[in-house]
$ cat run.cif   # mmCIF, C-alpha atoms
data_final
#
loop_
_atom_site.label_atom_id
_atom_site.label_comp_id
_atom_site.auth_asym_id
_atom_site.auth_seq_id
_atom_site.Cartn_x
_atom_site.Cartn_y
_atom_site.Cartn_z
CA MET A 11 33.59 12.53 2.87
CA ALA A 12 32.56 8.89 2.60
CA THR A 13 29.67 7.65 4.66
CA THR A 14 28.15 4.25 5.18
CA VAL A 15 24.88 2.92 3.89
CA ALA A 16 23.10 -0.20 5.06
CA LEU A 17 20.21 -2.14 3.52
CA VAL A 18 17.85 -4.51 5.33
CA ILE A 19 15.06 -6.50 3.67
CA LEU A 20 12.37 -8.40 5.56
CA ALA A 21 9.35 -10.25 4.20
CA LEU A 22 6.34 -11.29 6.27
CA ASP A 23 3.05 -13.13 6.07
CA PRO A 24 0.27 -11.40 5.65
CA GLY A 25 -2.91 11.84 13.29
CA ARG A 26 -1.35 13.02 10.19
CA VAL A 27 1.41 15.55 10.88
CA VAL A 28 1.37 17.59 7.68
CA GLY A 29 1.25 20.90 9.50
CA TRP A 30 4.50 20.25 11.33
CA PHE A 31 6.65 20.89 8.26
CA SER A 32 7.64 24.21 6.74
CA ASP A 33 10.78 25.39 4.96
CA SER A 34 12.00 28.95 5.00
CA ASN A 35 15.33 28.12 3.35
CA ARG A 36 14.21 26.61 0.04
CA ALA A 37 15.25 28.95 -2.77
CA GLU A 38 15.27 26.58 -5.72
CA LYS A 39 12.17 25.69 -7.70
CA PRO A 40 10.63 22.60 -6.09
CA LEU A 41 10.22 19.39 -8.03
CA GLY A 42 6.77 18.25 -9.03
CA PRO A 43 5.26 15.10 -7.46
CA GLU A 44 6.95 11.78 -8.23
CA SER A 45 4.32 9.97 -10.28
CA HIS A 46 6.61 7.19 -11.55
CA ARG A 47 10.12 5.87 -11.05
CA PRO A 48 12.68 8.38 -12.36
CA ILE A 49 14.98 7.27 -15.19
CA GLN A 50 18.21 8.49 -13.59
CA ALA A 51 19.72 9.82 -10.39
CA PRO A 52 19.49 13.56 -9.69
CA SER A 53 22.48 15.61 -10.83
CA ALA A 54 25.20 16.70 -8.44
CA GLU A 55 24.34 19.93 -6.63
CA GLY A 56 27.74 20.95 -5.24
CA PHE A 57 30.08 20.06 -2.43
CA ARG A 58 29.46 22.51 0.41
CA GLN A 59 28.71 21.02 3.80
CA PRO A 60 25.22 21.55 5.29
CA THR A 61 24.86 24.20 7.97
CA LEU A 62 22.40 24.96 10.75
CA ASP A 63 20.90 27.72 8.59
CA GLU A 64 20.99 25.72 5.34
CA PRO A 65 20.74 22.04 6.27
CA PHE A 66 19.77 20.97 2.72
CA ARG A 67 22.16 23.08 0.66
CA ASP A 68 23.91 21.35 -2.26
CA SER A 69 21.59 18.37 -1.78
CA PRO A 70 18.96 17.08 -4.24
CA ALA A 71 16.60 17.17 -1.26
CA ALA A 72 16.66 20.98 -1.36
CA ARG A 73 14.10 20.75 -4.17
CA TRP A 74 12.03 18.04 -2.54
CA ALA A 75 8.78 18.70 -0.74
CA ASN A 76 8.34 18.76 3.03
CA GLY A 77 6.79 15.98 5.09
CA THR A 78 3.82 14.16 3.62
CA ALA A 79 3.64 16.66 0.75
CA GLY A 80 6.49 14.70 -0.84
CA ILE A 81 4.57 11.41 -0.86
CA THR A 82 2.47 11.05 -4.01
CA VAL A 83 -0.89 9.37 -3.44
CA PRO A 84 -2.59 8.02 -6.60
CA GLU A 85 -6.21 8.45 -7.58
CA ALA A 86 -8.44 5.83 -6.01
CA ARG A 87 -10.45 3.27 -7.96
CA ALA A 88 -12.47 0.26 -6.86
CA THR A 89 -10.04 -2.64 -6.32
CA GLY A 90 -10.59 -6.14 -4.99
CA TRP A 91 -13.10 -6.15 -2.16
CA MET A 92 -12.95 -2.35 -1.73
CA SER A 93 -15.06 0.37 -3.31
CA ARG A 94 -13.45 3.55 -4.62
CA ALA A 95 -14.23 5.37 -1.38
CA GLN A 96 -12.73 2.54 0.70
CA VAL A 97 -9.57 2.54 -1.43
CA GLU A 98 -9.27 6.30 -1.03
CA ARG A 99 -9.53 5.94 2.74
CA ALA A 100 -6.97 3.09 2.79
CA LEU A 101 -4.51 5.19 0.80
CA GLU A 102 -4.97 8.10 3.21
CA GLN A 103 -4.38 5.80 6.18
CA THR A 104 -1.30 4.37 4.50
CA ARG A 105 0.13 7.87 4.26
CA ASP A 106 -0.89 8.45 7.88
CA PHE A 107 1.14 5.37 8.82
CA LEU A 108 4.19 6.61 6.93
CA ALA A 109 3.93 9.98 8.65
CA ALA A 110 3.50 8.49 12.12
CA ALA A 111 6.40 6.07 11.55
CA ASN A 112 8.87 8.46 9.92
CA LEU A 113 7.84 12.08 10.46
CA ASP A 114 6.13 12.39 13.83
CA PRO A 115 8.27 14.63 16.11
CA GLY A 116 7.72 12.47 19.17
CA ALA A 117 8.76 9.28 17.40
CA LEU A 118 11.76 10.98 15.77
CA HIS A 119 12.99 12.06 19.19
CA GLY A 120 12.96 8.45 20.36
CA GLY A 121 9.36 8.07 21.51
CA HIS A 122 7.10 5.09 20.98
CA PRO A 123 5.30 5.37 17.59
CA GLU A 124 1.90 4.52 19.01
CA GLU A 125 -0.16 6.03 16.17
CA ALA A 126 1.74 4.02 13.58
CA ILE A 127 1.50 0.77 15.51
CA ALA A 128 -2.26 1.27 16.01
CA LEU A 129 -2.72 0.91 12.23
CA ILE A 130 -1.10 -2.55 12.10
CA ASN A 131 -3.38 -5.60 12.30
CA PRO A 132 -3.21 -6.73 15.95
CA HIS A 133 -3.92 -10.31 14.88
CA GLN A 134 -0.74 -10.58 12.78
CA GLN A 135 1.18 -12.46 15.42
CA ASP A 136 4.66 -12.47 13.86
CA VAL A 137 4.57 -8.69 13.54
CA GLN A 138 3.20 -8.17 17.04
CA THR A 139 5.99 -10.37 18.42
CA TYR A 140 8.55 -8.31 16.52
CA LEU A 141 7.09 -5.01 17.75
CA LYS A 142 7.12 -6.11 21.38
CA ALA A 143 10.73 -7.27 21.19
CA ALA A 144 11.93 -4.32 19.12
CA PHE A 145 11.03 -1.71 21.71
CA HIS A 146 11.83 -3.84 24.76
CA SER A 147 15.18 -5.29 23.70
CA PRO A 148 16.23 -4.21 20.20
CA SER A 149 18.51 -6.53 18.26
CA GLU A 150 19.57 -7.18 14.68
CA GLN A 151 16.52 -9.40 14.17
CA ASN A 152 14.12 -7.21 16.13
CA ASP A 153 15.13 -3.67 15.31
CA PRO A 154 12.58 -0.82 15.41
CA LEU A 155 14.55 0.88 12.61
CA LEU A 156 13.22 -1.73 10.19
CA LEU A 157 9.94 0.21 10.23
CA PHE A 158 10.43 3.41 12.20
CA SER A 159 12.83 6.37 12.12
CA ARG A 160 14.09 7.26 15.61
CA PHE A 161 16.99 9.21 17.07
CA ASP A 162 18.38 9.12 20.60
CA ALA A 163 17.58 12.62 21.87
CA SER A 164 20.45 12.44 24.36
CA ARG A 165 22.91 12.14 21.46
CA VAL A 166 21.23 13.74 18.44
CA ARG A 167 19.07 16.78 17.79
CA LEU A 168 17.09 17.50 14.64
CA VAL A 169 18.07 20.69 12.82
CA GLY A 170 14.96 22.77 12.28
CA ASP A 171 11.51 21.30 11.83
CA VAL A 172 11.75 20.16 8.20
CA VAL A 173 12.13 16.60 6.93
CA LYS A 174 12.45 16.38 3.16
CA THR A 175 10.68 13.52 1.39
CA ARG A 176 10.27 12.10 -2.07
CA GLY A 177 8.35 9.02 -3.11
CA ARG A 178 5.03 7.54 -4.05
CA ILE A 179 2.33 5.07 -3.16
CA THR A 180 1.00 2.50 -5.63
CA TYR A 181 -1.58 -0.25 -5.30
CA LEU A 182 -3.08 -3.32 -6.96
CA GLU A 183 -5.32 -6.25 -6.12
CA GLY A 184 -3.47 -8.70 -3.89
CA GLU A 185 -4.15 -12.14 -2.51
CA ARG A 186 -7.70 -13.05 -1.54
CA GLY A 187 -8.95 -9.85 -3.16
CA ALA A 188 -7.06 -7.62 -0.73
CA LEU A 189 -5.89 -4.11 -1.58
CA GLN A 190 -2.09 -4.40 -1.69
CA VAL A 191 -0.37 -1.05 -1.25
CA THR A 192 3.33 -0.35 -1.82
CA SER A 193 5.11 2.77 -0.64
CA ASP A 194 8.62 3.73 -1.76
CA VAL A 195 9.76 6.89 0.00
CA THR A 196 13.10 8.53 0.82
CA TYR A 197 13.35 10.70 3.96
CA VAL A 198 16.17 13.19 4.60
CA TYR A 199 16.80 14.22 8.21
CA PRO A 200 19.31 16.99 9.03
CA VAL A 201 20.78 16.39 12.47
CA ALA A 202 23.47 17.74 14.78
CA PRO A 203 25.04 16.59 18.07
CA ALA A 204 22.73 17.06 21.03
CA THR A 205 25.62 18.54 22.99
CA GLY A 206 25.82 21.55 20.69
CA GLY A 207 28.12 22.79 17.98
CA ASP A 208 27.42 23.63 14.35
CA GLU A 209 28.24 20.32 12.64
CA VAL A 210 25.30 19.10 10.55
CA VAL A 211 24.89 15.63 9.06
CA ARG A 212 22.08 14.44 6.81
CA THR A 213 20.69 11.01 7.65
CA ILE A 214 18.92 9.55 4.61
CA VAL A 215 16.46 6.69 4.94
CA ARG A 216 14.70 5.04 2.01
CA ARG A 217 11.87 2.66 2.81
CA GLU A 218 9.77 0.34 0.70
CA VAL A 219 6.81 -1.00 2.66
CA VAL A 220 4.22 -3.39 1.21
CA LEU A 221 1.01 -3.81 3.15
CA SER A 222 -2.31 -5.52 2.66
CA TRP A 223 -5.75 -4.09 3.45
CA ASP A 224 -7.47 -7.43 3.88
CA ASP A 225 -11.06 -8.46 3.35
CA PRO A 226 -12.38 -9.13 6.88
CA ALA A 227 -14.54 -11.90 5.46
CA LYS A 228 -11.35 -13.79 4.51
CA VAL A 229 -8.66 -12.65 6.95
CA ILE A 230 -8.87 -11.98 10.69
CA THR A 231 -8.27 -8.26 11.05
CA GLU A 232 -9.65 -5.15 12.70
CA PRO A 233 -11.34 -2.21 10.95
CA GLY A 234 -8.87 0.45 9.86
CA THR A 235 -5.79 -1.77 10.14
CA PHE A 236 -3.54 -3.48 7.59
CA SER A 237 -1.24 -6.50 7.55
CA LEU A 238 2.44 -6.08 6.71
CA VAL A 239 3.64 -8.06 3.70
CA SER A 240 7.27 -6.94 3.49
CA TYR A 241 9.54 -4.04 4.25
CA LYS A 242 12.98 -2.86 3.17
CA VAL A 243 15.12 -0.08 4.59
CA ASP A 244 18.23 1.56 3.18
CA MET A 245 20.03 3.90 5.61
CA THR A 246 22.82 6.41 4.99
CA ASN A 247 24.46 8.09 7.98
CA GLY A 248 22.20 6.03 10.20
CA GLY A 249 24.71 3.53 11.54
CA CYS A 250 26.03 0.24 10.23
CA ASP A 251 25.55 -3.02 12.14
CA ASN A 252 23.62 -0.91 14.61
CA SER A 253 21.30 -2.64 17.09
CA THR A 254 20.61 0.22 19.48
CA GLY A 255 17.10 0.86 18.15
CA TYR A 256 18.12 4.38 17.07
CA LEU A 257 19.60 5.93 13.97
CA THR A 258 23.19 6.81 14.87
CA PRO A 259 24.57 9.49 12.53
CA PRO A 260 28.37 9.84 12.60
CA PHE A 261 29.87 13.08 13.89
CA GLY A 262 33.46 14.29 13.95
CA THR A 263 36.04 11.59 13.40
CA GLU A 264 33.32 8.94 13.06
CA ARG A 265 32.55 10.29 9.60
CA ALA A 266 35.87 9.00 8.26
CA GLU A 267 34.69 5.40 8.54
CA THR A 268 33.65 3.74 5.29
CA GLY A 269 31.75 0.62 4.39
CA ALA A 270 33.14 -2.45 2.72
CA GLY A 271 30.25 -2.96 0.32
CA PRO A 272 29.37 -1.30 -2.99
CA ASP A 273 29.05 2.43 -3.65
CA VAL A 274 25.48 3.70 -3.32
CA ASP A 275 23.90 7.04 -4.16
CA PRO A 276 21.20 7.50 -1.49
CA TYR A 277 19.34 10.03 -3.65
CA ASP A 278 19.09 7.71 -6.64
CA ARG A 279 15.50 6.50 -6.90
CA SER A 280 15.83 5.24 -10.49
CA THR A 281 16.22 1.62 -9.41
CA SER A 282 14.36 -0.52 -6.92
CA MET A 283 15.97 -1.13 -3.56
CA SER A 284 16.49 -4.81 -4.40
CA GLU A 285 18.48 -3.84 -7.49
CA ARG A 286 20.78 -1.46 -5.62
CA THR A 287 22.36 -3.91 -3.22
CA THR A 288 21.68 -7.04 -1.20
CA PRO A 289 21.80 -7.63 2.56
CA ASP A 290 24.75 -10.07 2.44
CA GLU A 291 26.99 -7.41 0.86
CA GLY A 292 27.24 -5.64 4.19
CA CYS A 293 27.56 -1.89 4.66
CA GLY A 294 28.30 0.03 1.50
CA THR A 295 29.71 3.49 0.93
CA ALA A 296 27.42 6.41 0.10
CA THR A 297 28.72 8.49 -2.80
CA ARG A 298 27.10 11.63 -1.36
CA SER A 299 24.91 12.66 1.52
#
$ encode --input "run.cif" --output "structure tokens"
Amino acid sequence: MATTVALVILALDPGRVVGWFSDSNRAEKPLGPESHRPIQAPSAEGFRQPTLDEPFRDSPAARWANGTAGITVPEARATGWMSRAQVERALEQTRDFLAAANLDPGALHGGHPEEAIALINPHQQDVQTYLKAAFHSPSEQNDPLLLFSRFDASRVRLVGDVVKTRGRITYLEGERGALQVTSDVTYVYPVAPATGGDEVVRTIVRREVVLSWDDPAKVITEPGTFSLVSYKVDMTNGGCDNSTGYLTPPFGTERAETGAGPDVDPYDRSTSMSERTTPDEGCGTATRS
């Protein structure tokens, strides 16, 4: 069954929830951590539809880790203005941000991702303007889905308490000696209609977020916060041309709709998001979900 995939790219100026995830259904040997970009897409697993009891069956995500365990964090070393210990802390807080933005149960059920927002530099005015508008009156330009995964609990329910993830964090010295951190992570959410039934759809969201842990002697910031540099999001079964502020997985007859753009494999992490498609190509068609 064809499904749609949408990509959005945005560039800017410059509580962990690990314990929430467990998986009693994983029978296959799990993959090791992703330490570098893979050279090819994962092989096809089969064609059976997901079920309430096996929401990840016949999906590459069945072998992925759960929650933050699927996000590889590199070894810290002194970089730019930061010591090794400071870099280690910044990497931990980056993973905390990813968890609060994409894995926190309250946020996933449509709540306000307060813990994630608290880690963003409050003096970065363009981002603060976006955040205020995104949750007050979401639009194509100010969409909370650009940074946060959220479902409308009145329409969608999560199946089980497992979100599969795969990705990694990397870093280098950025502008003005800042620690520039890049995360590239794919999240797989099994969902079903809130009204009941046994239909299960997997919403797949890949995000690349670049952020800057700035030197407070050179950039106005607050301790323990970062500035956003850029962010990209690639969504499958999350809605196309959707400005509701929520991921809108298709159920029933909605699943027959296809995109007009290129074919995309949402599990393929062998290329960067910029190489896969471009925003002006519109909504593509996912080759599997």
$ resolve_selection --input "run.cif" --expression "the PyMOL selection byres ((chain A and resi 168-185) around 7)" --output "MDAnalysis selection string"
chainID A and resid 31:33 44:45 62 71 74:77 80:84 89:90 166:167 186:202
$ axis_aligned_box --input "run.cif" --around "region 66-71 of chain A" --padding-each-side "8 Å" --output "lines of an AutoDock Vina configuration file"
center_x = 20.3
center_y = 20.1
center_z = -0.8
size_x = 23.3
size_y = 22.0
size_z = 23.0
$ atom_distance --input "run.cif" --atom1 "CA of Ile130 (chain A)" --atom2 "CA of Asp162 (chain A)"
24.2 Å
$ atom_distance --input "run.cif" --atom1 "CA of Asn152 (chain A)" --atom2 "CA of Tyr241 (chain A)"
13.1 Å
$ resolve_selection --input "run.cif" --expression "the PyMOL selection byres ((chain A and resi 50) around 9)" --output "PyMOL selection string"
chain A and resi 47-49+51-53+278-281
$ resolve_selection --input "run.cif" --expression "the PyMOL selection byres ((chain A and resi 103) around 10)" --output "list in words"
Gly25, Arg26, Val97, Glu98, Arg99, Ala100, Leu101, Glu102, Thr104, Arg105, Asp106, Phe107, Leu108, Ala109, Ala126, Leu129, Gly234, Thr235 and Phe236 of chain A
$ closest_residue --input "run.cif" --among "A:Leu238, A:Ala227, A:Thr78, A:Pro123" --to "Ala144 (chain A)" --atoms "all atoms listed in the file"
A:Pro123
$ closest_residue --input "run.cif" --among "A:Ala54, A:Ile214, A:Leu155, A:Val239" --to "Gly120 (chain A)" --atoms "all atoms listed in the file"
A:Leu155
$ closest_residue --input "run.cif" --among "A:Gly294, A:Pro70, A:Pro226, A:Gly116" --to "Cys250 (chain A)" --atoms "only C-alpha atoms"
A:Gly294
$ closest_residue --input "run.cif" --among "A:Ser240, A:Gln96, A:Thr258, A:Ser284" --to "Leu157 (chain A)" --atoms "only C-alpha atoms"
A:Ser240
$ atom_distance --input "run.cif" --atom1 "CA of Pro233 (chain A)" --atom2 "CA of Asn131 (chain A)"
8.8 Å
$ closest_residue --input "run.cif" --among "A:Phe66, A:Phe158, A:Phe57, A:Trp91" --to "Ser222 (chain A)" --atoms "all atoms listed in the file"
A:Trp91
$ closest_residue --input "run.cif" --among "A:Val211, A:Met92, A:Ala128, A:Leu257" --to "Trp223 (chain A)" --atoms "only C-alpha atoms"
A:Met92
$ decode --input "run.cif" --residues "region 64-95 of chain A" --atoms "N, CA and C atoms" --output "CSV table (one decimal), in the first residue's frame"
chain,number,residue,atom,x,y,z
A,64,GLU,N,2.0,-7.2,17.3
A,64,GLU,CA,3.3,-7.2,16.6
A,64,GLU,C,3.4,-5.9,15.8
A,65,PRO,N,3.5,-4.8,16.4
A,65,PRO,CA,3.4,-3.5,15.6
A,65,PRO,C,4.6,-3.3,14.7
A,66,PHE,N,5.7,-4.0,14.9
A,66,PHE,CA,6.9,-3.8,14.1
A,66,PHE,C,7.3,-5.0,13.2
A,67,ARG,N,6.4,-5.9,13.1
A,67,ARG,CA,6.7,-7.1,12.3
A,67,ARG,C,6.9,-6.8,10.8
A,68,ASP,N,7.8,-7.5,10.2
A,68,ASP,CA,8.2,-7.3,8.8
A,68,ASP,C,8.7,-5.8,8.5
A,69,SER,N,9.2,-5.2,9.6
A,69,SER,CA,9.8,-3.9,9.4
A,69,SER,C,11.3,-3.9,9.8
A,70,PRO,N,12.1,-3.2,9.2
A,70,PRO,CA,13.5,-3.1,9.6
A,70,PRO,C,13.6,-2.6,11.1
A,71,ALA,N,12.6,-1.8,11.5
A,71,ALA,CA,12.6,-1.3,12.9
A,71,ALA,C,12.5,-2.4,13.9
A,72,ALA,N,12.1,-3.6,13.5
A,72,ALA,CA,12.0,-4.7,14.5
A,72,ALA,C,13.3,-5.0,15.2
A,73,ARG,N,14.4,-4.7,14.5
A,73,ARG,CA,15.7,-5.0,15.0
A,73,ARG,C,16.4,-3.7,15.6
A,74,TRP,N,15.7,-2.6,15.5
A,74,TRP,CA,16.2,-1.4,16.1
A,74,TRP,C,16.0,-1.4,17.6
A,75,ALA,N,16.8,-0.5,18.2
A,75,ALA,CA,16.7,-0.4,19.7
A,75,ALA,C,15.5,0.5,20.1
A,76,ASN,N,15.2,0.5,21.4
A,76,ASN,CA,14.0,1.3,21.9
A,76,ASN,C,14.4,2.6,22.5
A,77,GLY,N,13.7,3.6,22.1
A,77,GLY,CA,13.9,4.9,22.8
A,77,GLY,C,15.3,5.5,22.5
A,78,THR,N,15.8,6.1,23.6
A,78,THR,CA,17.2,6.7,23.5
A,78,THR,C,18.3,5.7,23.3
A,79,ALA,N,18.0,4.4,23.5
A,79,ALA,CA,19.0,3.4,23.3
A,79,ALA,C,19.4,3.3,21.9
A,80,GLY,N,18.6,3.7,21.0
A,80,GLY,CA,18.9,3.7,19.5
A,80,GLY,C,19.6,4.9,19.0
A,81,ILE,N,20.0,5.8,19.9
A,81,ILE,CA,20.7,7.0,19.5
A,81,ILE,C,22.1,6.9,20.0
A,82,THR,N,23.0,6.8,19.0
A,82,THR,CA,24.5,6.6,19.4
A,82,THR,C,25.1,8.0,19.8
A,83,VAL,N,25.7,8.0,20.9
A,83,VAL,CA,26.4,9.2,21.4
A,83,VAL,C,27.9,8.9,21.4
A,84,PRO,N,28.7,9.8,20.7
A,84,PRO,CA,30.1,9.5,20.6
A,84,PRO,C,30.8,9.8,21.9
A,85,GLU,N,32.1,9.4,21.9
A,85,GLU,CA,33.0,9.7,23.0
A,85,GLU,C,33.3,11.2,23.0
A,86,ALA,N,33.3,11.8,24.2
A,86,ALA,CA,33.6,13.2,24.3
A,86,ALA,C,35.1,13.5,24.2
A,87,ARG,N,35.4,14.6,23.6
A,87,ARG,CA,36.8,15.2,23.7
A,87,ARG,C,36.7,16.7,23.7
A,88,ALA,N,37.7,17.3,24.3
A,88,ALA,CA,37.7,18.8,24.3
A,88,ALA,C,37.6,19.4,22.9
A,89,THR,N,36.6,20.3,22.8
A,89,THR,CA,36.3,20.9,21.5
A,89,THR,C,36.0,22.3,21.6
A,90,GLY,N,36.6,23.2,20.8
A,90,GLY,CA,36.3,24.6,20.9
A,90,GLY,C,36.5,25.2,22.3
A,91,TRP,N,35.5,25.9,22.8
A,91,TRP,CA,35.6,26.5,24.2
A,91,TRP,C,35.3,25.5,25.3
A,92,MET,N,34.9,24.3,25.0
A,92,MET,CA,34.5,23.3,26.0
A,92,MET,C,35.6,22.3,26.3
A,93,SER,N,35.7,21.9,27.6
A,93,SER,CA,36.5,20.8,28.1
A,93,SER,C,35.8,19.5,27.7
A,94,ARG,N,36.5,18.4,27.9
A,94,ARG,CA,36.0,17.1,27.6
A,94,ARG,C,34.7,16.9,28.5
A,95,ALA,N,34.7,17.2,29.7
A,95,ALA,CA,33.6,17.0,30.6
A,95,ALA,C,32.4,17.9,30.1
